[in-house]
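Data first, discussion second: the structure below is written as structure tokens.
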Amino acid sequence: MASVSRKLSNDWAKPMSLICEGGTPVQAVAILYQDPDGEIQRLQEQMDMTDAQAQVLMSDVGTETFHMELVHVDDSEYLVTTVCPLAIHARCTDISQQKGLVIVATSTALVVGTYGTESGPATDAVHALCQLSGDLANAGF
């Protein structure tokens with residue numbers, strides 16, 4: 001069976017915006033999708049992720065050593081604290097920023113979000129990003 005190339009569209013911008021502004025602690029979110037040709041597509045809402053950061057995440061998430069590396073996203077550095085089948089959680093190394101990072105994977109995409117630790121528990125951010133991840137998976141990503 002031939003692999004199907006998909007394109008992330010701006011149709012995802014509204015759900016991403018609602019997550020950031022709709023009562024969850026999520027402050028910023030990005031969707032990363034690697035098509036069958038290896039090209040990484042990226043949609044972002046209130047997040048500044050570079051091509052290099054997206055490439056590192058897409059290639060390293062899921063490897064045995066990922067949890068041993070510092071993650072650099074959105075001008076901050078994060079230390080991975082939890083890796084489980086549901087999500088990856090990390091805390092900002094600059095405690096004064098009071099930020100956390102959550103990464104949720106589908107078979108071909110990553111949903112990456114930052115959240116404010118003062119505005120809600122990590123579980124609320126994980127739940128919101130898992131819902132977006134499920135919608136992506138249902139759409140074939």
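Convention: chains lettered A, B, ... in structure tokens order; per-chain residue numbering from 1; ligands numbered from 1 as shown.
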Helix (DSSP H, G or I) call set, DSSP backbone run, segment 25-92 of chain A, as an mmCIF file with N, CA and C atoms, in the first residue's frame:
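File produced: out_7.cif:
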```
data_model
loop_
_atom_site.group_PDB
_atom_site.id
_atom_site.type_symbol
_atom_site.label_atom_id
_atom_site.label_comp_id
_atom_site.auth_asym_id
_atom_site.auth_seq_id
_atom_site.Cartn_x
_atom_site.Cartn_y
_atom_site.Cartn_z
ATOM 1 N N ASP A 51 12.693 25.429 12.767
ATOM 2 C CA ASP A 51 12.777 24.204 11.975
ATOM 3 C C ASP A 51 13.707 23.198 12.647
ATOM 4 N N ALA A 52 14.819 23.696 13.177
ATOM 5 C CA ALA A 52 15.793 22.804 13.822
ATOM 6 C C ALA A 52 15.187 22.141 15.059
ATOM 7 N N GLN A 53 14.453 22.899 15.867
ATOM 8 C CA GLN A 53 13.814 22.320 17.050
ATOM 9 C C GLN A 53 12.767 21.283 16.651
ATOM 10 N N ALA A 54 11.998 21.572 15.610
ATOM 11 C CA ALA A 54 10.994 20.623 15.126
ATOM 12 C C ALA A 54 11.664 19.343 14.634
ATOM 13 N N GLN A 55 12.765 19.474 13.924
ATOM 14 C CA GLN A 55 13.494 18.314 13.416
ATOM 15 C C GLN A 55 14.009 17.446 14.561
ATOM 16 N N VAL A 56 14.571 18.073 15.584
ATOM 17 C CA VAL A 56 15.085 17.328 16.734
ATOM 18 C C VAL A 56 13.954 16.571 17.422
ATOM 19 N N LEU A 57 12.835 17.242 17.664
ATOM 20 C CA LEU A 57 11.714 16.574 18.325
ATOM 21 C C LEU A 57 11.202 15.397 17.497
ATOM 22 N N MET A 58 11.001 15.608 16.208
ATOM 23 C CA MET A 58 10.460 14.529 15.369
ATOM 24 C C MET A 58 11.413 13.333 15.306
ATOM 25 N N SER A 59 12.707 13.586 15.340
ATOM 26 C CA SER A 59 13.651 12.477 15.237
ATOM 27 C C SER A 59 13.958 11.824 16.583
ATOM 28 N N ASP A 60 13.839 12.576 17.685
ATOM 29 C CA ASP A 60 14.273 12.053 18.978
ATOM 30 C C ASP A 60 13.163 11.537 19.889
ATOM 31 N N PHE A 66 15.848 9.868 24.685
ATOM 32 C CA PHE A 66 15.195 11.179 24.642
ATOM 33 C C PHE A 66 15.041 11.782 26.036
ATOM 34 N N HIS A 67 14.669 10.966 26.998
ATOM 35 C CA HIS A 67 14.440 11.470 28.363
ATOM 36 C C HIS A 67 15.713 11.972 29.033
ATOM 37 N N MET A 68 16.872 11.688 28.457
ATOM 38 C CA MET A 68 18.142 12.109 29.053
ATOM 39 C C MET A 68 18.623 13.443 28.481
#
```
Who sits within 9 Å of Val126 of chain A, only C-alpha atoms, same chain under 2 positions skipped, as a list in words: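 That gives Val26, Leu86, Ala87, Ile88, His89, Val102, Ile103, Val104, Gly113, Ala122, Thr123, Asp124, Ala128, Leu129, Cys130 and Gln131 of chain A.
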Strand (DSSP E or B) positions in chain A, given as a PyMOL selection string: chain A and resi 26-34+40-45+70-73+76-83+88-92+99-105+109-116
Residue contacts of Ala90 of chain A (6 Å, only C-alpha atoms) excluding same-chain residues fewer than 6 positions away, as a PyMOL selection string: chain A and resi 78-81+100-101
Proximity to Asp35 of chain A - best of A:Ala125, A:Val83, A:Cys92, A:Leu8, only C-alpha atoms: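 Counting only C-alpha atoms, the residue closest to Asp35 of chain A is A:Leu8.
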Residues within 9 Å of Ser17 of chain A, only C-alpha atoms, excluding chain neighbours under 3 positions, as a ChimeraX atom specification: /A:12-14,20-22,28-29,45-46
File dump, residues just selected, C-alpha atoms, as a compact mmCIF listing (two decimals), in the first residue's frame:
```txt
# COMPACT_ATOMS: atom_id res chain seq x y z
CA TRP A 12 -6.33 23.23 12.73
CA ALA A 13 -5.70 26.86 13.74
CA LYS A 14 -9.10 27.29 15.41
CA CYS A 20 -4.71 28.22 24.28
CA GLU A 21 -7.56 30.55 25.15
CA GLY A 22 -10.33 28.22 26.31
CA ALA A 28 1.08 27.66 23.32
CA VAL A 29 0.73 24.68 21.01
CA GLU A 45 -0.28 28.93 17.95
CA GLN A 46 1.51 31.36 20.29
```
Shell of 10 Å around Met49 of chain A, only C-alpha atoms, local chain residues under 5 positions omitted, as a list in words: Val29, Ala30, Arg42, Leu43, Gln44, Ala54, His72, Val73, Asp74, Asp75 and Val112 of chain A
Deliver the residues from the most recent selection as a file, using C-alpha atoms, as an mmCIF file, in the first residue's frame.
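Written output follows (part.cif):
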```cif
data_model
loop_
_atom_site.group_PDB
_atom_site.id
_atom_site.type_symbol
_atom_site.label_atom_id
_atom_site.label_comp_id
_atom_site.auth_asym_id
_atom_site.auth_seq_id
_atom_site.Cartn_x
_atom_site.Cartn_y
_atom_site.Cartn_z
ATOM 1 C CA VAL A 29 0.729 24.680 21.008
ATOM 2 C CA ALA A 30 2.337 23.291 17.867
ATOM 3 C CA ARG A 42 4.546 22.702 11.428
ATOM 4 C CA LEU A 43 1.548 24.707 12.622
ATOM 5 C CA GLN A 44 1.950 26.898 15.696
ATOM 6 C CA ALA A 54 10.994 20.623 15.126
ATOM 7 C CA HIS A 72 14.618 23.373 23.681
ATOM 8 C CA VAL A 73 11.297 24.832 22.560
ATOM 9 C CA ASP A 74 9.881 28.352 22.383
ATOM 10 C CA ASP A 75 13.017 30.054 23.749
ATOM 11 C CA VAL A 112 3.617 19.963 21.599
#
```
Length of the atom CA of Thr108 of chain A to atom CA of Gln34 of chain A vector [Å]: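 Taking atom CA of Thr108 of chain A as the start and atom CA of Gln34 of chain A as the end point, the length is 6.3 Å.
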